[in-house]
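Before any comments, here is the structure.
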Amino acid sequence: MMEELVGLGAVTLLGVLEQAYFSLQVIYARRKYSVSPPATTGPPEFERVFRAQANCSEYFPIFITVLWLSGVFFSQGLSSVCGLLYLYGRFNYFRGYSESAQGRLAPLYFCAQILWILIGFSAVGIFLTICQVYLNMDLLQELCSILGLF
């Protein structure tokens with residue numbers, strides 16, 4: 001069972017490390033721009049770093065939830081690849097937003113698309129599992145036999 005979850009675990013760990021990196025960037029920005037906690041306002045350069053980190057943190061629980069749902073009920077491999085793409089997009093989002101407010105938009109849209117894909121995978125996987133477990137119908141196997149794949 002553990003080998004079936006290693007991809008999801010690795011992506012989760014990378015995600016946690018990425019969040020830690022973003023938090024460290026806020027600490028460095030506080031020092032650089034002399035913004036002491038608990039203040040959250042300061043020069044625009046600081047505020048962009050702060051908002052980028054906050055926005056990434058706000059989406060992290062959604063990402064982790066759909067990553068695991070998709071991986072457990074649909075496909076660990078596809079979900080792990082989507083997770084890596086999402087983390088890459090979030091890194092680009094953070095970097096882009098830190099440089100300019102406009103720089104966040106393309107990575108933001110990319111990450112949103114990845115989240116929707118993971119949500120779709122999760123929904124399909126859960127639906128197929130409900131059909132199999134509670135209705136005793138293997139829709140995927142029936143579809144494959146209709147298409148002549150098995």
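To be explicit about the labels: the chains of the structure tokens are called A, B, and onward in the order shown, and within each one the residues are counted from 1, while ligands get numbers from 1 in the order they are shown.
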Using only C-alpha atoms, which residues sit within 8 Å of Phe94 (chain A) once same-chain residues fewer than 2 positions away are excluded, as a ChimeraX atom specification?
-> /A:22,49,52-53,56,90-92,96-98,104
For the residues in that selection, give me C-alpha atoms as a compact mmCIF listing (two decimals), in the first residue's frame.
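And here is the file that came out, again.txt:
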# COMPACT_ATOMS: atom_id res chain seq x y z
CA PHE A 22 7.61 31.27 0.82
CA VAL A 49 5.93 39.33 -1.15
CA ALA A 52 2.10 36.24 -2.58
CA GLN A 53 2.90 34.10 0.45
CA CYS A 56 -0.22 30.57 -1.69
CA ARG A 90 2.85 28.36 -7.55
CA PHE A 91 6.59 29.01 -7.54
CA ASN A 92 6.23 31.09 -10.70
CA GLY A 96 6.06 36.89 -10.52
CA TYR A 97 3.95 38.55 -7.82
CA SER A 98 7.06 39.48 -5.85
CA ARG A 104 1.10 36.89 -10.90
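Computed from the coordinates, the CA of Thr12 (chain A) to CA of Ile64 (chain A) distance equals 6.9 Å.
Distances to Phe127 (chain A) were evaluated for A:Thr41, A:Gln19, A:Ser70, A:Ser79 using only C-alpha atoms, and the minimum falls at A:Ser70.
Proximity to Pro44 (chain A) was assessed for A:Val81, A:Leu14, A:Ala29, A:Leu69 counting only C-alpha atoms; the smallest distance is recorded for A:Ala29.
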For Cys111 (chain A), list every protein, DNA or RNA residue within 7 Å, evaluated using only C-alpha atoms, and leave out those in the same chain fewer than 2 positions away; present the list as a PyMOL selection string.
-> chain A and resi 86+89-90+107-109+113-115
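A straight line drawn from CA of Arg30 (chain A) to CA of Tyr59 (chain A) is 22.6 Å long.
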Report the closest atom pair, with its distance in Å rounded to one decimal, for each residue of region 79-104 of chain A that has an atom no farther than 7 Å from region 1-11 of chain A; count only C-alpha atoms, sort by chain and then rising residue number, and write it as JSON lines.
{"residue": "A:Ser80", "atom": "CA", "partner": "A:Leu8", "partner_atom": "CA", "distance": 5.6}
{"residue": "A:Gly83", "atom": "CA", "partner": "A:Val11", "partner_atom": "CA", "distance": 6.3}
{"residue": "A:Leu84", "atom": "CA", "partner": "A:Val11", "partner_atom": "CA", "distance": 6.4}
Writer output for current selection, N, CA, C and O atoms, as a CSV table (one decimal), in the first residue's frame:
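Okay, this is what ended up in again_32.csv:
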chain,number,residue,atom,x,y,z
A,80,SER,N,0.0,13.0,-9.2
A,80,SER,CA,1.3,13.4,-8.8
A,80,SER,C,1.9,14.4,-9.9
A,80,SER,O,2.5,15.4,-9.5
A,83,GLY,N,0.2,17.5,-9.5
A,83,GLY,CA,0.7,18.2,-8.3
A,83,GLY,C,2.1,18.9,-8.5
A,83,GLY,O,2.3,20.0,-8.1
A,84,LEU,N,2.9,18.2,-9.3
A,84,LEU,CA,4.2,18.9,-9.6
A,84,LEU,C,4.0,20.1,-10.4
A,84,LEU,O,4.7,21.1,-10.2
Can you work out which one of A:Phe74, A:Tyr93, A:Tyr21, A:Phe60 has the shortest atom-to-atom distance to Leu128 (chain A), counting only C-alpha atoms?
-> A:Phe74
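Comparing A:Arg95, A:Val35, A:Phe121, A:Gln102 by their smallest distance to Gln76 (chain A), the closest is A:Phe121 (using only C-alpha atoms).
Considering only C-alpha atoms, the residue among A:Gly103, A:Tyr28, A:Ser57, A:Leu135 positioned nearest to Gly15 (chain A) is A:Ser57.
The shortest atom-to-atom distance to Ser122 (chain A), with only C-alpha atoms taken into account, belongs to A:Phe63 out of A:Gln141, A:Leu105, A:Phe63, A:Leu147.
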